[in-house]
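Below is query34.cif, which holds mmCIF, C-alpha atoms and all ligand atoms.
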data_input
#
loop_
_atom_site.label_atom_id
_atom_site.label_comp_id
_atom_site.auth_asym_id
_atom_site.auth_seq_id
_atom_site.Cartn_x
_atom_site.Cartn_y
_atom_site.Cartn_z
CA MET D 459 -33.71 22.34 -14.78
CA GLY D 460 -30.41 23.52 -13.25
CA LYS D 461 -31.17 21.54 -10.12
CA VAL D 462 -31.96 18.39 -12.03
CA PHE D 463 -28.75 18.73 -14.01
CA LEU D 464 -26.75 19.20 -10.81
CA ALA D 465 -28.38 16.17 -9.22
CA VAL D 466 -27.60 14.04 -12.29
CA ALA D 467 -24.02 15.31 -12.41
CA LEU D 468 -23.57 14.59 -8.71
CA LEU D 469 -24.99 11.10 -9.11
CA ALA D 470 -22.66 10.46 -12.06
CA THR D 471 -19.71 11.53 -9.91
CA ILE D 472 -20.75 9.21 -7.11
CA VAL D 473 -21.23 6.28 -9.47
CA GLN D 474 -17.88 6.90 -11.13
CA ALA D 475 -16.00 7.24 -7.86
CA GLN D 476 -15.62 3.53 -7.31
CA THR D 477 -14.40 3.63 -3.76
CA LYS D 478 -15.76 1.20 -1.24
CA GLU D 479 -15.32 1.33 2.48
CA THR D 480 -14.35 -1.95 4.14
CA ASN D 481 -12.78 -3.29 7.32
CA THR D 482 -11.99 -6.72 5.98
CA MET D 483 -9.65 -8.16 3.34
CA ARG D 484 -12.23 -10.87 2.78
CA GLU D 485 -14.29 -8.28 0.91
CA VAL D 486 -11.25 -7.17 -1.10
CA GLU D 487 -10.47 -10.77 -2.02
CA GLY D 488 -14.06 -11.22 -3.16
CA ALA D 489 -13.61 -8.35 -5.63
CA ILE D 490 -10.46 -9.82 -7.20
CA ASP D 491 -10.77 -12.12 -10.21
CA SER D 492 -8.33 -13.63 -12.70
CA ARG D 493 -8.16 -10.43 -14.81
CA THR D 494 -7.42 -8.24 -11.82
CA PHE D 495 -4.16 -6.46 -11.11
CA ALA D 496 -4.35 -6.26 -7.30
CA VAL D 497 -2.50 -3.37 -5.69
CA PHE D 498 -2.09 -2.93 -1.95
CA ASP D 499 -0.78 -0.17 0.27
CA ILE D 500 1.59 -1.47 2.97
CA ASP D 501 1.36 0.52 6.23
CA ASN D 502 -1.92 0.04 8.08
CA THR D 503 -3.16 -2.03 5.16
CA LEU D 504 -0.93 -5.12 5.06
CA ILE D 505 1.23 -4.59 8.15
CA SER D 506 2.14 -2.23 10.96
CA PRO D 507 4.92 -2.18 13.56
CA SER D 508 4.10 -4.32 16.60
CA GLN D 509 4.13 -1.18 18.77
CA THR D 510 3.18 2.48 18.49
CA LEU D 511 6.71 3.70 17.73
CA GLY D 512 7.32 3.59 13.99
CA SER D 513 3.64 3.37 13.08
CA ASP D 514 2.07 5.58 10.45
CA GLN D 515 0.07 7.43 13.12
CA TRP D 516 3.29 8.03 15.07
CA PHE D 517 4.95 9.35 11.91
CA GLU D 518 2.16 11.82 11.25
CA ALA D 519 2.05 13.08 14.83
CA GLN D 520 5.83 13.36 14.94
CA VAL D 521 6.03 15.36 11.71
CA LYS D 522 3.94 18.03 13.42
CA LEU D 523 6.38 18.11 16.33
CA GLN D 524 9.73 17.70 14.59
CA GLY D 525 9.19 18.31 10.92
CA PHE D 526 9.37 15.85 8.06
CA ASP D 527 13.12 15.27 7.69
CA LYS D 528 13.89 14.60 11.36
CA THR D 529 10.87 12.35 11.67
CA LEU D 530 11.78 10.44 8.52
CA SER D 531 15.30 9.71 9.69
CA LYS D 532 14.05 8.39 13.04
CA TRP D 533 11.29 6.43 11.30
CA LEU D 534 13.91 4.81 9.03
CA GLU D 535 15.98 3.78 12.06
CA VAL D 536 12.94 2.22 13.68
CA GLN D 537 11.91 0.35 10.50
CA LYS D 538 15.27 -1.37 10.34
CA VAL D 539 14.78 -3.05 13.73
CA THR D 540 11.07 -3.19 14.46
CA LYS D 541 8.95 -6.30 14.40
CA VAL D 542 5.75 -6.01 12.42
CA LYS D 543 2.36 -7.70 12.48
CA PRO D 544 -0.29 -8.15 9.81
CA ILE D 545 -3.24 -5.77 10.24
CA GLU D 546 -5.54 -8.76 9.86
CA GLU D 547 -4.30 -12.20 10.89
CA ALA D 548 -5.66 -13.67 7.66
CA THR D 549 -3.99 -11.24 5.26
CA PRO D 550 -0.75 -13.15 4.54
CA SER D 551 -2.68 -16.33 3.67
CA MET D 552 -5.02 -14.31 1.44
CA ILE D 553 -2.03 -12.90 -0.46
CA GLN D 554 -0.60 -16.42 -0.82
CA ARG D 555 -3.94 -17.75 -2.04
CA LEU D 556 -4.19 -15.02 -4.68
CA GLN D 557 -0.62 -15.70 -5.76
CA GLU D 558 -1.35 -19.40 -6.11
CA GLN D 559 -4.20 -18.44 -8.44
CA GLY D 560 -1.69 -16.49 -10.52
CA ILE D 561 -3.16 -13.08 -9.70
CA THR D 562 -0.72 -10.24 -10.36
CA ILE D 563 -0.07 -8.42 -7.10
CA MET D 564 1.94 -5.31 -6.32
CA ALA D 565 2.34 -3.00 -3.35
CA LEU D 566 2.16 0.76 -3.82
CA THR D 567 3.61 2.53 -0.82
CA ALA D 568 4.60 6.04 0.22
CA ARG D 569 7.66 4.49 1.86
CA PRO D 570 10.92 5.85 0.47
CA THR D 571 13.25 3.78 -1.68
CA GLU D 572 16.01 3.53 0.92
CA ILE D 573 13.83 1.30 3.06
CA ALA D 574 13.31 -1.31 0.32
CA ASN D 575 15.33 -4.10 1.95
CA ALA D 576 13.83 -3.63 5.40
CA THR D 577 10.35 -3.50 3.86
CA ARG D 578 10.87 -6.81 2.08
CA ALA D 579 12.21 -8.35 5.31
CA GLN D 580 9.24 -7.05 7.31
CA LEU D 581 6.76 -8.49 4.84
CA LYS D 582 8.66 -11.78 4.72
CA SER D 583 8.54 -12.02 8.52
CA VAL D 584 4.74 -12.29 8.33
CA GLY D 585 4.78 -14.61 5.31
CA ILE D 586 4.29 -12.13 2.48
CA ASP D 587 6.58 -12.31 -0.56
CA LEU D 588 5.42 -9.84 -3.19
CA SER D 589 7.94 -10.95 -5.78
CA ARG D 590 5.99 -14.15 -6.44
CA THR D 591 3.42 -12.75 -8.86
CA ALA D 592 4.89 -9.30 -9.34
CA PRO D 593 3.97 -7.46 -12.55
CA LEU D 594 7.65 -7.11 -13.46
CA ALA D 595 10.72 -9.18 -12.55
CA SER D 596 13.33 -6.47 -13.08
CA SER D 597 13.60 -3.35 -10.99
CA LEU D 598 12.97 0.10 -12.35
CA GLU D 599 13.51 3.74 -11.45
CA ILE D 600 10.68 6.10 -12.27
CA GLU D 601 11.11 9.83 -12.50
CA GLY D 602 8.32 11.26 -10.37
CA LYS D 603 7.19 14.84 -9.89
CA ASP D 604 8.59 15.02 -6.36
CA GLU D 605 11.42 12.48 -6.36
CA VAL D 606 12.65 9.37 -8.13
CA ALA D 607 10.39 6.45 -7.30
CA ARG D 608 11.57 2.87 -7.51
CA TYR D 609 9.91 -0.41 -8.33
CA GLU D 610 11.55 -3.52 -6.98
CA GLY D 611 10.37 -7.07 -6.27
CA GLY D 612 6.67 -6.32 -6.53
CA ILE D 613 6.78 -3.09 -4.54
CA LEU D 614 6.48 0.40 -5.99
CA PHE D 615 8.09 2.87 -3.60
CA ALA D 616 6.36 6.15 -4.40
CA GLY D 617 8.01 8.21 -1.68
CA LYS D 618 6.60 11.74 -1.77
CA ASN D 619 5.02 11.29 -5.18
CA GLN D 620 1.28 11.14 -5.52
CA LYS D 621 0.28 7.47 -5.66
CA GLY D 622 -2.12 7.84 -8.59
CA ALA D 623 0.41 9.70 -10.71
CA ILE D 624 3.27 7.30 -10.00
CA LEU D 625 1.11 4.23 -10.67
CA ILE D 626 0.21 5.62 -14.11
CA LYS D 627 3.87 6.43 -14.78
CA PHE D 628 4.76 2.85 -13.82
CA LEU D 629 2.11 1.42 -16.16
CA THR D 630 3.06 3.63 -19.09
CA THR D 631 6.81 3.12 -18.59
CA THR D 632 6.48 -0.66 -18.47
CA GLY D 633 3.74 -0.92 -21.08
CA ILE D 634 1.65 -2.92 -18.65
CA HIS D 635 -2.04 -2.39 -19.38
CA PRO D 636 -4.14 -4.16 -16.75
CA GLU D 637 -7.67 -5.15 -17.69
CA ARG D 638 -8.75 -4.02 -14.26
CA VAL D 639 -7.14 -2.71 -11.07
CA VAL D 640 -8.30 -3.26 -7.49
CA PHE D 641 -6.48 -0.94 -5.09
CA THR D 642 -6.64 -1.07 -1.29
CA ASP D 643 -5.35 1.64 1.04
CA ASP D 644 -6.22 2.89 4.52
CA LYS D 645 -5.97 6.52 3.37
CA ALA D 646 -8.78 8.11 1.37
CA LYS D 647 -6.38 10.58 -0.26
CA HIS D 648 -4.55 7.67 -1.89
CA THR D 649 -7.64 5.75 -3.01
CA GLY D 650 -8.77 9.11 -4.39
CA THR D 651 -5.70 9.82 -6.53
CA VAL D 652 -5.50 6.23 -7.80
CA ASP D 653 -9.20 6.23 -8.67
CA ALA D 654 -8.89 9.52 -10.57
CA ALA D 655 -5.67 8.55 -12.35
CA LEU D 656 -6.99 5.19 -13.57
CA ASN D 657 -10.28 6.73 -14.66
CA ALA D 658 -8.34 9.30 -16.65
CA ILE D 659 -6.55 6.62 -18.70
CA GLY D 660 -9.62 4.42 -18.97
CA ILE D 661 -8.56 1.41 -16.91
CA PRO D 662 -11.52 -0.12 -15.05
CA ASN D 663 -10.80 0.06 -11.35
CA LEU D 664 -12.17 -0.39 -7.90
CA GLU D 665 -10.74 1.12 -4.73
CA PHE D 666 -11.17 0.00 -1.17
CA ARG D 667 -10.68 2.49 1.66
CA TYR D 668 -9.61 -0.08 4.21
CA GLY D 669 -10.39 0.67 7.84
CA ALA D 670 -9.19 -2.32 9.87
CA ALA D 671 -6.53 -0.18 11.58
CA ASP D 672 -8.78 2.86 12.10
CA GLU D 673 -9.41 2.18 15.79
CA THR D 674 -5.69 1.81 16.51
CA VAL D 675 -4.96 5.02 14.61
CA LYS D 676 -7.69 6.86 16.53
CA SER D 677 -6.43 5.66 19.90
CA TYR D 678 -2.85 6.80 19.19
CA ASP D 679 -1.11 7.52 22.49
CA ALA D 680 1.58 10.19 22.19
CA ASP D 681 2.90 9.44 25.71
CA VAL D 682 3.52 5.79 24.88
CA ALA D 683 5.33 6.77 21.68
CA SER D 684 7.39 9.34 23.53
CA ILE D 685 8.59 6.80 26.14
CA GLN D 686 9.41 4.34 23.36
CA LEU D 687 11.39 7.01 21.56
CA GLN D 688 13.24 7.85 24.75
CA TYR D 689 14.24 4.20 25.23
CA PHE D 690 14.84 3.54 21.54
CA GLY D 691 17.81 1.36 20.82
CA GLY D 692 15.71 -1.55 21.85
CA ILE D 693 11.98 -1.29 21.39
CA LEU D 694 9.60 -1.20 24.32
CA PRO D 695 6.27 -2.91 23.68
CA ASP D 696 3.21 -0.67 24.27
CA GLU D 697 2.34 -2.54 27.49
CA ALA D 698 5.80 -1.93 28.96
CA ALA D 699 5.63 1.75 27.99
CA GLN D 700 2.19 2.02 29.61
CA THR D 701 3.53 0.44 32.80
CA LEU D 702 6.41 2.91 32.87
CA LEU D 703 3.96 5.78 32.44
CA LYS D 704 2.05 4.80 35.59
MG MG I 1 -1.20 3.18 4.67
#

Represent the supplied structure as C-alpha cells.
Ligand SMILES: [Mg+2]
Amino acid sequence: MGKVFLAVALLATIVQAQTKETNTMREVEGAIDSRTFAVFDIDNTLISPSQTLGSDQWFEAQVKLQGFDKTLSKWLEVQKVTKVKPIEEATPSMIQRLQEQGITIMALTARPTEIANATRAQLKSVGIDLSRTAPLASSLEIEGKDEVARYEGGILFAGKNQKGAILIKFLTTTGIHPERVVFTDDKAKHTGTVDAALNAIGIPNLEFRYGAADETVKSYDADVASIQLQYFGGILPDEAAQTLLK
C-alpha cells in the first residue's frame, strides 16, 4: 500500500512539474498561443557574447577563481563593449513574429540592474526589442529578498533574487494575472523556481529547459578566456585567442 501511494505521489509530482527539455525555439514557439505570457531568460537562451569572455560559463568559472564581486565588475565591463549573437539564428525573427501576433513577451534575467542599457543595446543589435509587447510600459522597482530588482522596457532584472520569487512579486505588484505562462531558460534551477512559484499561485505554466547552448557551455576553454582577459580593452575573438595559445 505504502509503495503504491509513493508511486502515485511520485507520478503526480512528475506530471505537475511541467518542464520540458528542448534544443530549439521552434518547439517553444509551438507552445505559445494568444493567451500566453511568454517569458525568456537572456544569457544562453536569447543571446550570448560572440566570444568566450563575458559568457555565462566564463562568469561561473571566474567566480570560483576570483569571487563574485570581482568577477561581476569585470563581467560588467565586458558587457558594455562586447558584441553578441543570438543562440539560434532564428530566435530574433521568432520574437518579432510573436510580437506581431500581439503576444506579451518579457525577459527574466539574473543580470543586475546596472547593465540595463547595455542589455537593451545588445538585444537591439540582433534585432530584438522587448519593449514592443512588454507587459508594462512604465518601469518599476521591486523589493526582492536579496536586492532591489528592476523592471524596465520588457526586461525584469532579477539580479541575485530567485527568479520564481521575483516573477511572482512582479505579477502581484503590477496586478498582472496571466492566463498562462511559458518560461524558457537554459538553467534547470531557474525553470524549477519559476515552475514552483507559478504552481503555488495557481497560474497554468509550462517551462522549457533550453539546451541549444549546452555544447558551448560544456566545451568552455579556460585558457582562451584567460588570454582574452589578459588582452581585454579590445576583445580577441576565440580563434585569435586559440592561435595565440599555440
Ligand atoms: Mg541563462

field: Site check for ligand MG 1 (chain I): residues at most 9 Å away, only C-alpha atoms and all ligand atoms, as a VMD selection string
entry: chain D and resid 499 to 506 514 567 to 568 643 to 645 648

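Atom pair atom CA of Leu530 of chain D / atom CA of Ser583 of chain D has a distance of 22.7 Å (rounded to one decimal).
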
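When atom CA of Val584 of chain D is paired with atom CA of Ser508 of chain D, their separation reads 11.5 Å.
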
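If you look at atom CA of Arg590 of chain D and atom CA of Asn619 of chain D, they are 25.5 Å away from each other.
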
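Remark: for Leu588 of chain D, the closest of the candidate residues D:Ile634, D:Ile563, D:Val639, D:Val486 is D:Ile563 (distances computed over all atoms listed in the file).
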
- prompt: Which residues come within 9 Å of Glu518 of chain D, counting only C-alpha atoms, excluding same-chain residues fewer than 5 positions away, as an NGL selection string?
  reply: :D and (513 or 526 or 529)
